[in-house]
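Encoded as structure tokens, the structure appears first; notes follow it.
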Amino acid sequence: MKILLVDDEAELTDPLSRILSKEGYQVDIADNGVTGINLALQNNYDLLILDWMLPQRSGLEICQELRSRSLTTPVLFLTAKDTIDDRVIGLDAGADDYLVKPFELRELLARVRALLRRVTLGDPQLNEKLKVADLELDSENQLAYRQGRVIDLSEKEVKLLAYFMKHPGQLLTHEDIYSYLWTDEEKPSSNVLAALIRLLRRKIEIPGEIPLIHTVYGKGYRFGDNEF
């Protein structure tokens, strides 16, 4: 699981990144808001841990930017702002959780695990209908809709399509997708993903419709109605 930690306090980020790495997470660090938002948009993270007060762009602005682009990556705020009004502002901006500094490490790790469980297991609050371009996905009923067509999907196709639709325009690498769809113990051979993509394309992209799944050769895929 990949985590982006954005905080300008090296005395916090250095030990915290080491602890998170020991817990098995892949951690990237940014010490300002501009680098943070660029990394968040360019990479596929499972969780963002943001300080509120940052140089150049605040954590609040990063969260608002992501949500304005319909990116649903979970966001955990770490901040010294501890009033009820501050918490309301953060949550209204699209944050998923809020932890006030100073905090207990075990509480932070528990909140990280809880947020990542939403990604891996599917939190009921994240089972909303998704829409990108003219394609809609109803994950709960394993159905998609496009231009009046009702499309039946398998459970694995639903999971893959939802992953694409929650990260429109982002490069999702082969390894990102494998890690999301399968555990290390059940990871299949390399041609299984290509076959799954091919089957999904046949269902959601019939002749005359704009392609949505775009191959980035040698790297992975992008999803959306634009050429990338």
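In the structure tokens, chains take the letters A, B, ... in the order shown, each chain's residues start at 1, and ligands count up from 1 in the order shown.
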
Could you pull the residues within 7 Å of Asp97 of chain A, counting only C-alpha atoms, minus those fewer than 2 positions along the same chain, as a ChimeraX atom specification?
/A:75-77,95,99

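Counting from atom CA of Thr73 of chain A, the distance to atom CA of Gly148 of chain A is 29.6 Å.
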
Residues of segment 38-149 of chain A that have any atom at most 12 Å from an atom of segment 12-20 of chain A: could you tabulate them with the shortest-distance atom pair and the distance in Å to one decimal, using only C-alpha atoms, ordered by chain and increasing number, as JSON lines?
```
{"residue": "A:Leu47", "atom": "CA", "partner": "A:Leu20", "partner_atom": "CA", "distance": 12.0}
{"residue": "A:Ile49", "atom": "CA", "partner": "A:Thr13", "partner_atom": "CA", "distance": 10.4}
{"residue": "A:Leu50", "atom": "CA", "partner": "A:Thr13", "partner_atom": "CA", "distance": 10.8}
{"residue": "A:Asp51", "atom": "CA", "partner": "A:Thr13", "partner_atom": "CA", "distance": 10.4}
{"residue": "A:Leu78", "atom": "CA", "partner": "A:Leu12", "partner_atom": "CA", "distance": 10.6}
{"residue": "A:Thr79", "atom": "CA", "partner": "A:Leu12", "partner_atom": "CA", "distance": 11.7}
{"residue": "A:Lys101", "atom": "CA", "partner": "A:Leu12", "partner_atom": "CA", "distance": 10.5}
{"residue": "A:Pro102", "atom": "CA", "partner": "A:Leu12", "partner_atom": "CA", "distance": 10.3}
{"residue": "A:Phe103", "atom": "CA", "partner": "A:Leu12", "partner_atom": "CA", "distance": 11.1}
{"residue": "A:Glu104", "atom": "CA", "partner": "A:Leu16", "partner_atom": "CA", "distance": 11.6}
{"residue": "A:Leu105", "atom": "CA", "partner": "A:Leu16", "partner_atom": "CA", "distance": 8.6}
{"residue": "A:Arg106", "atom": "CA", "partner": "A:Ile19", "partner_atom": "CA", "distance": 10.7}
{"residue": "A:Leu108", "atom": "CA", "partner": "A:Leu16", "partner_atom": "CA", "distance": 9.9}
{"residue": "A:Leu109", "atom": "CA", "partner": "A:Leu20", "partner_atom": "CA", "distance": 8.0}
{"residue": "A:Ala110", "atom": "CA", "partner": "A:Leu20", "partner_atom": "CA", "distance": 11.6}
{"residue": "A:Val112", "atom": "CA", "partner": "A:Leu20", "partner_atom": "CA", "distance": 9.5}
{"residue": "A:Arg113", "atom": "CA", "partner": "A:Leu20", "partner_atom": "CA", "distance": 10.8}
```

Residue subset to file, keeping C-alpha atoms, as a CSV table (one decimal), in the first residue's frame:
```csv
chain,number,residue,atom,x,y,z
A,47,LEU,CA,-3.7,7.2,1.4
A,49,ILE,CA,-1.5,12.1,5.3
A,50,LEU,CA,-1.5,15.9,5.1
A,51,ASP,CA,-0.4,18.6,7.5
A,78,LEU,CA,-2.4,15.8,10.9
A,79,THR,CA,-2.7,19.3,12.4
A,101,LYS,CA,-0.9,17.1,17.1
A,102,PRO,CA,0.6,15.9,19.3
A,103,PHE,CA,-0.9,12.4,18.9
A,104,GLU,CA,-0.2,8.9,20.1
A,105,LEU,CA,1.6,6.8,17.5
A,106,ARG,CA,-0.6,3.8,18.0
A,108,LEU,CA,-2.2,7.2,14.1
A,109,LEU,CA,-1.4,3.6,13.0
A,110,ALA,CA,-4.9,2.5,13.9
A,112,VAL,CA,-4.2,4.5,8.9
A,113,ARG,CA,-5.2,0.8,9.0
```

Nearby residues (only C-alpha atoms) at most 9 Å from Gly224 of chain A, same-chain spacing under 4 positions excluded, as a PyMOL selection string:
chain A and resi 132-133+164-165+168-169+211-214+228

I'd like the contact shell of segment 24-28 of chain A - 6 Å cut-off, only C-alpha atoms, skipping same-chain residues fewer than 3 positions apart - returned as a PyMOL selection string.
chain A and resi 1-4+20-21

Residues of segment 21-205 of chain A in strand (DSSP E or B), written as a PDB file with C-alpha atoms, in the first residue's frame:
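Output file part-v6.pdb is given in full below:
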```pdb
ATOM      1  CA  GLN A  26       5.581   2.331   0.787  1.00  0.00           C
ATOM      2  CA  VAL A  27       5.983   5.973   1.840  1.00  0.00           C
ATOM      3  CA  ASP A  28       6.752   9.102  -0.203  1.00  0.00           C
ATOM      4  CA  ILE A  29       7.421  12.436   1.521  1.00  0.00           C
ATOM      5  CA  ALA A  30       6.827  16.041   0.457  1.00  0.00           C
ATOM      6  CA  LEU A  47      -3.720   7.193   1.449  1.00  0.00           C
ATOM      7  CA  LEU A  48      -2.623  10.821   1.867  1.00  0.00           C
ATOM      8  CA  ILE A  49      -1.474  12.070   5.265  1.00  0.00           C
ATOM      9  CA  LEU A  50      -1.501  15.879   5.132  1.00  0.00           C
ATOM     10  CA  ASP A  51      -0.423  18.615   7.475  1.00  0.00           C
ATOM     11  CA  VAL A  75      -7.101  11.860   3.289  1.00  0.00           C
ATOM     12  CA  LEU A  76      -5.984  11.993   6.929  1.00  0.00           C
ATOM     13  CA  PHE A  77      -5.193  15.442   8.336  1.00  0.00           C
ATOM     14  CA  LEU A  78      -2.441  15.794  10.946  1.00  0.00           C
ATOM     15  CA  THR A  79      -2.665  19.285  12.383  1.00  0.00           C
ATOM     16  CA  ASP A  97     -10.210  11.649   9.161  1.00  0.00           C
ATOM     17  CA  TYR A  98      -8.555  14.194  11.420  1.00  0.00           C
ATOM     18  CA  LEU A  99      -5.837  13.760  14.074  1.00  0.00           C
ATOM     19  CA  VAL A 100      -4.645  16.619  16.274  1.00  0.00           C
ATOM     20  CA  LEU A 130     -19.461   6.194  -9.984  1.00  0.00           C
ATOM     21  CA  LYS A 131     -19.604   8.165 -13.236  1.00  0.00           C
ATOM     22  CA  VAL A 132     -16.874   9.017 -15.736  1.00  0.00           C
ATOM     23  CA  LEU A 135     -20.248   5.488 -18.181  1.00  0.00           C
ATOM     24  CA  GLU A 136     -21.903   4.823 -14.829  1.00  0.00           C
ATOM     25  CA  LEU A 137     -21.050   2.009 -12.425  1.00  0.00           C
ATOM     26  CA  ASP A 138     -23.336   0.511  -9.803  1.00  0.00           C
ATOM     27  CA  LEU A 143     -23.904  -3.344 -13.319  1.00  0.00           C
ATOM     28  CA  ALA A 144     -22.631  -0.575 -15.587  1.00  0.00           C
ATOM     29  CA  TYR A 145     -24.649   1.719 -17.835  1.00  0.00           C
ATOM     30  CA  ARG A 146     -23.528   3.413 -21.031  1.00  0.00           C
ATOM     31  CA  ARG A 149     -26.993  -0.167 -22.419  1.00  0.00           C
ATOM     32  CA  VAL A 150     -27.043  -2.257 -19.252  1.00  0.00           C
ATOM     33  CA  ILE A 151     -23.723  -4.061 -18.829  1.00  0.00           C
ATOM     34  CA  ASP A 152     -23.379  -7.123 -16.590  1.00  0.00           C
ATOM     35  CA  LEU A 172      -2.160   3.063 -12.997  1.00  0.00           C
ATOM     36  CA  THR A 173       0.835   0.777 -13.408  1.00  0.00           C
TER      37      THR A 173
END
```

Excluding Lys156 of chain A and its own-chain neighbours fewer than 4 positions away, which residues fall within 9 Å of it when counting only C-alpha atoms? Please give them as a list of chain:residue names.
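The neighbour list is A:Leu160, A:Leu161, A:Leu181, A:Leu196.
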
Among segment 61-180 of chain A, which residues carry a DSSP assignment of alpha helix (DSSP H), reported as number ranges by chain?
A: 61-68, 84-92, 105-117, 155-165, 174-180

Given only C-alpha atoms, how would the per-residue table for segment 91-181 of chain A near segment 36-44 of chain A read, listing every residue at most 8 Å away with its closest atom pair and distance in Å to one decimal, sorted by chain and number, as CSV?
```
residue,atom,partner,partner_atom,distance
A:His167,CA,A:Asn44,CA,7.7
A:Gln170,CA,A:Gln42,CA,6.6
A:Leu171,CA,A:Asn43,CA,7.1
A:Leu172,CA,A:Asn44,CA,6.5
A:Asp176,CA,A:Asn44,CA,7.6
```

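What separates atom CA of Ala194 of chain A from atom CA of Ile206 of chain A is a distance of 18.0 Å.
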